[in-house]
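Have a look at input-v8.cif below; it lists mmCIF, C-alpha atoms and all ligand atoms.
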data_upload
#
loop_
_atom_site.label_atom_id
_atom_site.label_comp_id
_atom_site.auth_asym_id
_atom_site.auth_seq_id
_atom_site.Cartn_x
_atom_site.Cartn_y
_atom_site.Cartn_z
CA MET L 426 55.63 -8.45 26.47
CA SER L 427 51.93 -7.65 26.10
CA LEU L 428 50.12 -8.28 22.87
CA PHE L 429 49.75 -4.53 22.35
CA ASP L 430 53.55 -4.00 22.72
CA TRP L 431 54.20 -6.88 20.36
CA PHE L 432 52.03 -5.25 17.70
CA ALA L 433 53.61 -1.85 18.35
CA ASN L 434 57.16 -3.31 17.92
CA ARG L 435 56.15 -5.18 14.84
CA ARG L 436 54.65 -2.04 13.33
CA LYS L 437 57.84 -0.11 14.08
CA SER L 438 60.06 -2.71 12.41
CA ASN L 439 57.83 -2.84 9.32
CA SER L 440 57.23 0.89 9.25
CA GLN L 441 58.89 1.47 5.90
CA VAL L 442 56.72 -1.12 4.23
CA THR L 443 53.41 -0.43 5.91
CA GLU L 444 53.43 3.35 6.14
CA PRO L 445 52.57 4.22 2.55
CA GLN L 446 49.72 1.73 2.55
CA GLU L 447 48.33 3.07 5.81
CA ARG L 448 48.50 6.60 4.52
CA GLU L 449 46.69 5.59 1.36
CA ILE L 450 43.80 4.21 3.37
CA ALA L 451 43.78 7.20 5.70
CA ASP L 452 43.61 9.58 2.75
CA GLY L 453 40.59 7.71 1.44
CA LEU L 454 42.38 6.42 -1.65
CA TRP L 455 40.65 3.10 -1.11
CA THR L 456 37.08 2.53 -0.05
CA LYS L 457 35.70 -0.67 1.40
CA CYS L 458 32.23 -1.64 0.22
CA PRO L 459 30.01 -2.06 3.32
CA SER L 460 28.02 -4.77 1.52
CA CYS L 461 30.57 -7.13 -0.09
CA GLY L 462 33.73 -5.91 1.67
CA VAL L 463 35.72 -5.47 -1.54
CA LEU L 464 38.32 -2.70 -1.45
CA THR L 465 37.99 -0.41 -4.47
CA TYR L 466 40.14 2.46 -5.66
CA THR L 467 38.08 5.49 -4.60
CA LYS L 468 38.52 7.28 -7.93
CA ASP L 469 37.08 4.27 -9.77
CA LEU L 470 34.20 4.22 -7.31
CA GLN L 471 33.61 7.95 -7.80
CA SER L 472 33.59 7.63 -11.56
CA ASN L 473 30.89 4.98 -11.07
CA GLN L 474 28.91 7.47 -8.91
CA MET L 475 29.82 5.61 -5.68
CA VAL L 476 28.13 2.41 -6.77
CA CYS L 477 30.21 -0.69 -5.92
CA LEU L 478 31.73 -2.13 -9.08
CA ASP L 479 31.57 -5.62 -7.60
CA CYS L 480 28.12 -5.99 -6.06
CA GLY L 481 26.25 -2.87 -7.17
CA HIS L 482 25.78 -1.59 -3.61
CA HIS L 483 24.89 2.11 -3.56
CA LEU L 484 27.18 3.83 -1.07
CA ARG L 485 25.90 6.94 0.68
CA ILE L 486 26.77 10.18 -1.08
CA TYR L 487 26.68 13.78 0.05
CA ALA L 488 24.22 16.36 -1.22
CA ASP L 489 26.84 18.30 -3.21
CA GLU L 490 27.96 15.09 -4.97
CA ARG L 491 24.34 14.39 -5.87
CA VAL L 492 23.93 17.89 -7.28
CA GLN L 493 27.08 17.36 -9.36
CA GLN L 494 25.77 14.04 -10.65
CA LEU L 495 22.38 15.41 -11.68
CA ILE L 496 22.93 19.02 -12.70
CA ASP L 497 24.77 20.14 -15.84
CA PRO L 498 28.08 21.85 -15.00
CA GLY L 499 27.82 25.61 -14.54
CA SER L 500 24.01 25.70 -14.40
CA TRP L 501 23.43 25.33 -10.63
CA LEU L 502 21.83 28.27 -8.84
CA PRO L 503 21.58 27.52 -5.10
CA LEU L 504 18.61 29.04 -3.24
CA ASP L 505 18.42 30.27 0.37
CA GLU L 506 21.94 29.10 1.13
CA ASN L 507 22.13 31.04 4.37
CA LEU L 508 18.88 29.94 5.95
CA ALA L 509 20.04 28.62 9.33
CA PRO L 510 18.25 26.70 12.09
CA THR L 511 17.34 28.28 15.43
CA ASP L 512 16.36 26.70 18.71
CA PRO L 513 12.83 28.02 19.32
CA LEU L 514 12.04 25.57 22.14
CA GLY L 515 15.38 25.84 23.97
CA PHE L 516 15.46 22.04 23.61
CA ARG L 517 17.92 19.88 25.48
CA ASP L 518 18.36 16.10 25.49
CA ARG L 519 21.80 14.73 26.29
CA LYS L 520 23.09 17.91 24.71
CA ALA L 521 21.54 21.32 24.10
CA TYR L 522 20.03 21.53 20.62
CA HIS L 523 21.90 24.73 19.74
CA ASP L 524 25.22 23.05 20.67
CA ARG L 525 24.27 20.05 18.58
CA ILE L 526 23.51 22.27 15.60
CA ARG L 527 26.81 24.13 15.92
CA GLU L 528 28.85 20.93 16.26
CA THR L 529 27.15 19.33 13.25
CA GLN L 530 27.67 22.48 11.21
CA ASP L 531 31.39 22.52 12.10
CA LYS L 532 31.78 18.81 11.33
CA THR L 533 29.91 18.74 8.02
CA GLY L 534 30.35 22.27 6.68
CA LEU L 535 26.59 22.30 6.05
CA ILE L 536 24.10 24.79 7.49
CA ASP L 537 21.19 22.34 7.57
CA ALA L 538 20.07 19.02 6.08
CA VAL L 539 18.96 20.09 2.60
CA GLN L 540 20.36 21.86 -0.43
CA THR L 541 17.94 23.46 -2.85
CA GLY L 542 18.35 25.28 -6.11
CA LEU L 543 17.53 25.62 -9.77
CA GLY L 544 19.61 24.07 -12.50
CA LYS L 545 19.59 22.20 -15.76
CA LEU L 546 19.31 18.43 -15.91
CA ASP L 547 20.47 17.29 -19.33
CA GLY L 548 19.58 20.75 -20.65
CA LEU L 549 16.14 20.76 -18.98
CA PRO L 550 15.56 23.45 -16.32
CA ILE L 551 14.34 21.99 -13.00
CA GLY L 552 13.97 22.82 -9.33
CA LEU L 553 16.03 20.41 -7.22
CA GLY L 554 16.19 19.63 -3.51
CA VAL L 555 18.74 17.18 -2.11
CA MET L 556 18.69 16.03 1.50
CA ASP L 557 21.95 15.23 3.25
CA PHE L 558 21.86 12.39 5.78
CA ARG L 559 25.10 13.61 7.40
CA PHE L 560 23.31 16.52 9.02
CA MET L 561 21.48 15.06 12.03
CA GLY L 562 20.26 12.09 10.02
CA GLY L 563 18.70 14.27 7.34
CA SER L 564 16.02 15.20 9.85
CA MET L 565 13.32 17.59 8.70
CA GLY L 566 13.28 20.75 10.79
CA SER L 567 12.02 24.23 9.98
CA VAL L 568 14.92 24.99 7.65
CA VAL L 569 14.46 21.83 5.56
CA GLY L 570 10.74 22.57 5.31
CA GLU L 571 11.18 26.24 4.49
CA LYS L 572 13.92 25.70 1.90
CA LEU L 573 11.98 22.96 0.10
CA THR L 574 8.77 25.03 0.19
CA ARG L 575 10.48 28.11 -1.24
CA MET L 576 12.12 26.02 -3.99
CA ILE L 577 8.78 24.41 -4.91
CA GLU L 578 7.01 27.80 -4.92
CA ARG L 579 9.70 29.31 -7.12
CA SER L 580 9.46 26.32 -9.46
CA THR L 581 5.69 26.80 -9.64
CA ARG L 582 6.15 30.47 -10.56
CA GLU L 583 8.76 29.63 -13.18
CA ARG L 584 6.85 26.56 -14.38
CA LEU L 585 9.63 24.08 -13.67
CA PRO L 586 9.40 20.39 -12.82
CA VAL L 587 10.64 19.53 -9.33
CA VAL L 588 12.90 16.68 -8.23
CA ILE L 589 13.62 16.02 -4.55
CA VAL L 590 16.22 13.44 -3.54
CA CYS L 591 15.10 12.20 -0.12
CA ALA L 592 17.30 10.78 2.65
CA SER L 593 15.94 11.26 6.12
CA GLY L 594 15.35 9.76 9.52
CA GLY L 595 12.12 11.76 9.75
CA ALA L 596 11.00 14.90 11.54
CA ARG L 597 13.51 16.70 13.79
CA MET L 598 12.21 16.00 17.27
CA GLN L 599 14.27 18.84 18.77
CA GLU L 600 11.94 21.30 17.04
CA GLY L 601 8.80 19.52 18.21
CA MET L 602 5.56 20.63 16.59
CA LEU L 603 7.39 23.06 14.31
CA SER L 604 9.07 20.17 12.50
CA LEU L 605 5.79 18.30 12.08
CA MET L 606 4.19 21.40 10.53
CA GLN L 607 6.73 21.25 7.72
CA MET L 608 4.99 18.15 6.36
CA ALA L 609 1.79 20.13 5.78
CA LYS L 610 3.64 23.18 4.46
CA ILE L 611 5.63 21.25 1.85
CA SER L 612 2.58 19.18 0.87
CA ALA L 613 0.53 22.36 0.34
CA ALA L 614 3.26 23.85 -1.86
CA LEU L 615 3.38 20.62 -3.87
CA GLU L 616 -0.40 20.71 -4.32
CA ARG L 617 -0.19 24.23 -5.80
CA HIS L 618 2.64 22.97 -8.05
CA ARG L 619 0.50 20.01 -9.14
CA ALA L 620 -2.56 22.20 -9.75
CA THR L 621 -0.60 24.02 -12.47
CA HIS L 622 0.07 20.67 -14.22
CA LEU L 623 3.73 20.56 -13.32
CA LEU L 624 5.69 17.38 -12.76
CA TYR L 625 7.11 16.37 -9.37
CA MET L 626 9.35 13.34 -8.89
CA PRO L 627 10.81 12.31 -5.54
CA VAL L 628 13.85 10.02 -5.59
CA LEU L 629 13.91 7.85 -2.46
CA THR L 630 17.39 6.93 -1.31
CA HIS L 631 18.62 4.98 1.69
CA PRO L 632 17.06 5.66 4.17
CA THR L 633 13.78 7.54 3.65
CA THR L 634 11.65 7.25 6.77
CA GLY L 635 9.29 8.99 9.17
CA GLY L 636 7.71 12.34 8.38
CA VAL L 637 9.45 12.60 5.02
CA THR L 638 7.84 9.34 3.85
CA ALA L 639 4.57 10.55 5.34
CA SER L 640 4.62 13.69 3.21
CA PHE L 641 6.58 14.78 0.15
CA ALA L 642 8.41 11.48 -0.51
CA MET L 643 5.11 9.80 -1.38
CA LEU L 644 3.39 12.69 -3.20
CA GLY L 645 5.22 12.37 -6.51
CA ASP L 646 3.64 11.95 -9.92
CA VAL L 647 6.34 9.37 -10.55
CA ILE L 648 8.12 7.96 -7.48
CA LEU L 649 11.63 6.62 -8.10
CA ALA L 650 13.85 4.77 -5.64
CA GLU L 651 17.45 3.61 -5.51
CA PRO L 652 17.99 -0.15 -5.27
CA LYS L 653 17.80 -1.71 -1.79
CA ALA L 654 17.02 1.56 -0.03
CA THR L 655 15.17 1.38 3.28
CA ILE L 656 11.88 3.21 2.86
CA GLY L 657 9.23 3.25 5.54
CA PHE L 658 7.33 5.26 8.11
CA ALA L 659 7.80 3.63 11.50
CA GLY L 660 10.82 1.42 12.19
CA ARG L 661 10.63 -2.30 11.59
CA ARG L 662 10.73 -3.17 15.31
CA VAL L 663 7.88 -0.79 16.13
CA VAL L 664 5.70 -2.26 13.36
CA GLU L 665 6.46 -5.81 14.49
CA GLN L 666 5.61 -5.00 18.10
CA THR L 667 2.37 -3.29 17.10
CA LEU L 668 1.20 -6.01 14.70
CA ARG L 669 2.65 -8.86 16.80
CA GLU L 670 3.69 -10.44 13.54
CA LYS L 671 7.00 -11.37 11.96
CA LEU L 672 7.60 -9.20 8.92
CA PRO L 673 9.19 -10.43 5.67
CA ASP L 674 12.96 -9.93 5.36
CA ASP L 675 12.68 -7.44 2.54
CA PHE L 676 9.99 -5.39 4.31
CA GLN L 677 10.52 -1.63 3.85
CA THR L 678 12.95 -1.99 0.95
CA SER L 679 12.61 -0.36 -2.46
CA GLU L 680 11.97 -3.77 -4.01
CA TYR L 681 9.19 -4.64 -1.57
CA LEU L 682 7.53 -1.26 -2.12
CA LEU L 683 7.79 -1.63 -5.90
CA ASN L 684 6.04 -5.01 -5.70
CA HIS L 685 3.29 -3.48 -3.57
CA GLY L 686 2.72 -0.43 -5.75
CA PHE L 687 4.20 2.31 -3.56
CA VAL L 688 7.14 2.99 -5.84
CA ASP L 689 6.95 3.32 -9.62
CA ALA L 690 10.48 2.34 -10.57
CA ILE L 691 13.80 1.37 -9.06
CA VAL L 692 16.53 3.23 -10.86
CA PRO L 693 20.23 2.55 -10.31
CA ARG L 694 22.15 5.74 -9.56
CA THR L 695 24.17 5.48 -12.76
CA GLN L 696 20.91 5.63 -14.76
CA LEU L 697 19.19 8.28 -12.66
CA LYS L 698 20.02 11.42 -14.64
CA LYS L 699 19.08 9.79 -17.93
CA THR L 700 15.81 8.43 -16.53
CA LEU L 701 14.78 11.75 -14.97
CA ALA L 702 15.54 13.58 -18.23
CA GLN L 703 13.49 11.04 -20.18
CA LEU L 704 10.50 11.39 -17.84
CA ILE L 705 10.65 15.19 -17.90
CA ARG L 706 10.78 15.18 -21.71
CA LEU L 707 7.82 12.79 -21.88
CA HIS L 708 5.83 15.08 -19.60
CA GLN L 709 6.58 18.25 -21.51
CA PRO L 710 3.48 19.54 -23.26
CA TYR L 711 3.50 18.89 -26.97
CA ALA L 712 3.76 22.42 -28.31
CA PRO L 713 5.35 22.32 -31.74
CA THR L 714 7.19 25.36 -32.94
CA PRO L 715 6.86 26.06 -36.70
CA LEU L 716 10.21 24.37 -37.27
CA THR L 717 9.36 21.06 -35.62
CA THR L 718 5.66 20.66 -36.43
CA HIS L 719 6.01 18.30 -39.35
CA ALA L 720 9.73 17.60 -39.33
CA HIS L 721 9.88 15.32 -36.31
CA GLY L 722 6.77 15.99 -34.31
CA VAL L 723 8.45 15.18 -31.03
CA TYR L 724 8.39 17.52 -28.05
CA GLY L 725 9.06 20.89 -29.56
CA GLY L 726 10.49 22.03 -26.28
CA SER L 727 8.67 25.34 -25.95
CA THR L 728 6.55 25.50 -22.84
CA THR L 729 3.04 26.82 -22.45
CA SER L 730 2.40 29.45 -19.83
CA SER L 731 -1.14 28.89 -18.66
CA VAL L 732 -3.73 26.24 -18.02
CA ASN L 733 -5.43 27.40 -21.19
CA GLY L 734 -2.20 26.82 -23.01
CA PHE L 735 -2.28 23.27 -21.76
CA THR L 736 -5.78 22.72 -23.18
CA HIS L 737 -4.58 24.09 -26.46
CA VAL L 738 -1.77 21.57 -26.42
CA LEU L 739 -4.25 18.75 -25.97
CA GLU L 740 -5.94 19.73 -29.20
CA GLN L 741 -2.66 19.60 -30.97
CA THR L 742 -1.86 16.09 -29.82
CA GLU L 743 -4.63 14.86 -32.10
CA HIS L 744 -2.42 15.73 -35.03
CA LEU L 745 0.48 13.60 -33.82
CA PRO L 746 1.79 11.20 -36.42
CA ASP L 747 0.91 7.56 -35.83
CA GLY L 748 2.94 5.71 -33.26
CA LEU L 749 3.81 8.67 -31.05
CA PRO L 750 2.78 8.33 -27.45
CA LEU L 751 -0.24 10.37 -26.46
CA ARG L 752 1.08 11.21 -23.03
CA LEU L 753 -1.48 13.87 -22.26
CA SER L 754 -4.61 11.85 -23.01
CA ALA L 755 -5.27 11.23 -19.32
CA GLU L 756 -6.00 14.93 -18.84
CA GLU L 757 -8.87 14.83 -21.32
CA SER L 758 -11.26 13.05 -19.01
ZN ZN A 801 30.26 -4.24 -2.96
#

Would you give me this structure, written as structure tokens?
Ligand SMILES: [Zn+2]
Amino acid sequence: MSLFDWFANRRKSNSQVTEPQEREIADGLWTKCPSCGVLTYTKDLQSNQMVCLDCGHHLRIYADERVQQLIDPGSWLPLDENLAPTDPLGFRDRKAYHDRIRETQDKTGLIDAVQTGLGKLDGLPIGLGVMDFRFMGGSMGSVVGEKLTRMIERSTRERLPVVIVCASGGARMQEGMLSLMQMAKISAALERHRATHLLYMPVLTHPTTGGVTASFAMLGDVILAEPKATIGFAGRRVVEQTLREKLPDDFQTSEYLLNHGFVDAIVPRTQLKKTLAQLIRLHQPYAPTPLTTHAHGVYGGSTTSSVNGFTHVLEQTEHLPDGLPLRLSAEES
């Protein structure tokens, strides 16, 4: 009897005992942590936002889960949902690019690697983009670039802060130059957003690399990262070969980048919504409504609609009660 037959017989004789357990695993009732190997009940893991309860490892999540975690229920307005990729170069590697797109779309149910929209984060209206690593490694092609640009431009018009959750292997090589151009296009849209004194915060998740790191991932006013995410431009091996030097073990991790000033804060996923809300509230211009002027003096909530309005707000900050942070003082110089 071969070893394979022996296992097959054994499985048959134990079928009544083992079957329910096997089905449970197959249905995804249990999830094994890729870092510590502990098996956790998936519902417990989900209620902890897919962060391992044992070791704190952040498991990969899909774009729609991220939207659910960040956006208040019922407030999500997706933008450009039907924008689909084309194959302008007729590109073929091992497989034709258009076949690859179709297969990935069938497998993931996504049209491309980013979801964009407007919604409320803890009651605060924002523009949000979330990249999905499942779709061809979150690579940035024309659709990713166009959707993010349109979302940023709409947010600029509606005077909303922008948050983009990054997860990407870089530019989509199957679209050649067209994918590289997206870096400039998104960066230009972000510059127009910045010029109107609006807040932009990228959230770097595992992994954020290549053209995404080289453009919008690093252009934030405040750059946040998830713990132990890989963040870099070129891969570790390429850098080592070029420098002919051994790199430190934690090279290209969130923690390394925080220590070297590239990232402003590492925020665990379970704290992300709260932290983003706090930062957006801090950045809101101090524009007291008659009701809040003397009562509390904290972030009246009404927004100004022009650059002049912003200057006007600066004057008002002088009347803040003692001890309140003068967040806007940097603009005075
Ligand atoms: Zn774990």

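Our summary of the geometry notes that CA of Ile496 in chain L is positioned 7.3 Å from CA of Asp547 in chain L.
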
Using only C-alpha atoms, which protein or nucleic acid residues come within 10 Å of Gln677 in chain L? Drop anything in the same chain fewer than 5 positions from it, and give the result as an mmCIF file with C-alpha atoms, keeping the file's coordinate frame.
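Saved the output as around.cif:
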data_model
loop_
_atom_site.group_PDB
_atom_site.id
_atom_site.type_symbol
_atom_site.label_atom_id
_atom_site.label_comp_id
_atom_site.auth_asym_id
_atom_site.auth_seq_id
_atom_site.Cartn_x
_atom_site.Cartn_y
_atom_site.Cartn_z
ATOM 1 C CA PRO L 632 17.060 5.660 4.170
ATOM 2 C CA THR L 633 13.780 7.540 3.650
ATOM 3 C CA THR L 634 11.650 7.250 6.770
ATOM 4 C CA LYS L 653 17.800 -1.710 -1.790
ATOM 5 C CA ALA L 654 17.020 1.560 -0.030
ATOM 6 C CA THR L 655 15.170 1.380 3.280
ATOM 7 C CA ILE L 656 11.880 3.210 2.860
ATOM 8 C CA GLY L 657 9.230 3.250 5.540
ATOM 9 C CA PHE L 658 7.330 5.260 8.110
ATOM 10 C CA ALA L 659 7.800 3.630 11.500
ATOM 11 C CA GLY L 660 10.820 1.420 12.190
ATOM 12 C CA ARG L 661 10.630 -2.300 11.590
ATOM 13 C CA LEU L 672 7.600 -9.200 8.920
ATOM 14 C CA LEU L 682 7.530 -1.260 -2.120
#

Rank L:Asn434, L:Thr465, L:Thr511, L:Gln666 by their smallest atom-to-atom distance to ligand ZN 801 (chain A), using only C-alpha atoms and all ligand atoms, and report the top residue only.
-> L:Thr465

Which of these residues is nearest to ligand ZN 801 (chain A), using all atoms listed in the file: L:Leu484, L:Lys468, L:Leu585, L:Leu454?
->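 Of all the options, L:Leu484 lies closest to ligand ZN 801 (chain A).
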
Compute the set of protein, DNA and RNA residues whose minimum atom distance to ligand ZN 801 (chain A) is at most 6 Å, using all atoms listed in the file, and state it as a VMD selection string.
-> chain L and resid 458 460 to 461 463 477 479 to 482

Any chance you can output those residues with C-alpha atoms as a short mmCIF file (atom, residue, chain, number, x, y, z; two decimals), in the coordinates of the input?
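Result saved to again.cif:
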data_model
loop_
_atom_site.label_atom_id
_atom_site.label_comp_id
_atom_site.auth_asym_id
_atom_site.auth_seq_id
_atom_site.Cartn_x
_atom_site.Cartn_y
_atom_site.Cartn_z
CA CYS L 458 32.23 -1.64 0.22
CA SER L 460 28.02 -4.77 1.52
CA CYS L 461 30.57 -7.13 -0.09
CA VAL L 463 35.72 -5.47 -1.54
CA CYS L 477 30.21 -0.69 -5.92
CA ASP L 479 31.57 -5.62 -7.60
CA CYS L 480 28.12 -5.99 -6.06
CA GLY L 481 26.25 -2.87 -7.17
CA HIS L 482 25.78 -1.59 -3.61
#

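All polymer residues at most 12 Å from (19.3, 29.6, 6.6), using all atoms listed in the file, appear as Leu504, Asp505, Glu506, Asn507, Leu508, Ala509, Pro510, Thr511, Gln530, Leu535, Ile536, Asp537, Ala538, Val539, Gln540, Thr541, Gly566, Ser567, Val568, Val569, Gly570, Glu571, Lys572, Leu573 and Arg575 of chain L.
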
Edge lengths and centre, in Å to one decimal, as AutoDock Vina command-line options: that's what I need for the box along x, y and z that holds all listed atoms of range 607-620 of chain L plus 3 Å on each side.
--center_x 2.1 --center_y 21.2 --center_z -1.0 --size_x 15.3 --size_y 12.1 --size_z 23.5

Using only C-alpha atoms, find the one residue out of L:Gly542, L:Gly548, L:Ile486, L:Gly462 that sits nearest to Lys699 in chain L.
->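 Of L:Gly542, L:Gly548, L:Ile486, L:Gly462, the one nearest Lys699 in chain L, counting only C-alpha atoms, is L:Gly548.
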
Distance CA of Pro652 in chain L-CA of His483 in chain L, one decimal place?
-> 7.5 Å

Point-to-point distance from CA of Leu464 in chain L to CA of Arg485 in chain L, Å rounded to tenths |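 So the answer is 15.9 Å.
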
Contacts of Thr467 in chain L at 9 Å or less, counting only C-alpha atoms, minus same-chain residues fewer than 5 places along, as a PyMOL selection string?
-> chain L and resi 453-457+472+475

Polymer residues at most 10 Å from (24.9, 9.1, -2.5) by only C-alpha atoms, as an MDAnalysis selection string | chainID L and resid 474:476 483:491 494 557:558 590 592 630:631 651 694

With N, CA and C atoms as the goal, would you fill in the gaps in range 579-598 of chain L and present it as a tab-separated table (two decimals), keeping the file's coordinate frame?
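part25.tsv, written as the output of this step:
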chain	number	residue	atom	x	y	z
L	579	ARG	N	8.99	28.64	-6.01
L	579	ARG	CA	9.70	29.31	-7.12
L	579	ARG	C	9.54	28.51	-8.41
L	580	SER	N	9.63	27.18	-8.28
L	580	SER	CA	9.46	26.32	-9.46
L	580	SER	C	8.06	26.45	-10.04
L	581	THR	N	7.06	26.61	-9.16
L	581	THR	CA	5.69	26.80	-9.64
L	581	THR	C	5.60	28.10	-10.43
L	582	ARG	N	6.19	29.17	-9.87
L	582	ARG	CA	6.15	30.47	-10.56
L	582	ARG	C	6.85	30.39	-11.91
L	583	GLU	N	7.98	29.69	-11.94
L	583	GLU	CA	8.76	29.63	-13.18
L	583	GLU	C	8.39	28.43	-14.04
L	584	ARG	N	7.37	27.72	-13.65
L	584	ARG	CA	6.85	26.56	-14.38
L	584	ARG	C	7.93	25.51	-14.65
L	585	LEU	N	8.57	25.09	-13.55
L	585	LEU	CA	9.63	24.08	-13.67
L	585	LEU	C	9.19	22.78	-13.00
L	586	PRO	N	9.61	21.65	-13.55
L	586	PRO	CA	9.40	20.39	-12.82
L	586	PRO	C	10.29	20.36	-11.59
L	587	VAL	N	9.87	19.61	-10.58
L	587	VAL	CA	10.64	19.53	-9.33
L	587	VAL	C	11.10	18.10	-9.09
L	588	VAL	N	12.36	17.97	-8.66
L	588	VAL	CA	12.90	16.68	-8.23
L	588	VAL	C	13.44	16.87	-6.81
L	589	ILE	N	13.05	15.97	-5.90
L	589	ILE	CA	13.62	16.02	-4.55
L	589	ILE	C	14.24	14.66	-4.23
L	590	VAL	N	15.53	14.68	-3.92
L	590	VAL	CA	16.22	13.44	-3.54
L	590	VAL	C	16.13	13.33	-2.02
L	591	CYS	N	15.39	12.32	-1.55
L	591	CYS	CA	15.10	12.20	-0.12
L	591	CYS	C	16.10	11.28	0.56
L	592	ALA	N	16.51	11.64	1.77
L	592	ALA	CA	17.30	10.78	2.65
L	592	ALA	C	17.08	11.33	4.04
L	593	SER	N	16.30	10.64	4.85
L	593	SER	CA	15.94	11.26	6.12
L	593	SER	C	15.51	10.24	7.15
L	594	GLY	N	15.83	10.57	8.40
L	594	GLY	CA	15.35	9.76	9.52
L	594	GLY	C	13.97	10.20	9.98
L	595	GLY	N	13.46	11.29	9.38
L	595	GLY	CA	12.12	11.76	9.75
L	595	GLY	C	12.14	13.18	10.27
L	596	ALA	N	11.11	13.54	11.01
L	596	ALA	CA	11.00	14.90	11.54
L	596	ALA	C	12.09	15.13	12.60
L	597	ARG	N	12.47	16.40	12.78
L	597	ARG	CA	13.51	16.70	13.79
L	597	ARG	C	12.85	16.94	15.14
L	598	MET	N	12.97	15.95	16.01
L	598	MET	CA	12.21	16.00	17.27
L	598	MET	C	12.62	17.19	18.14
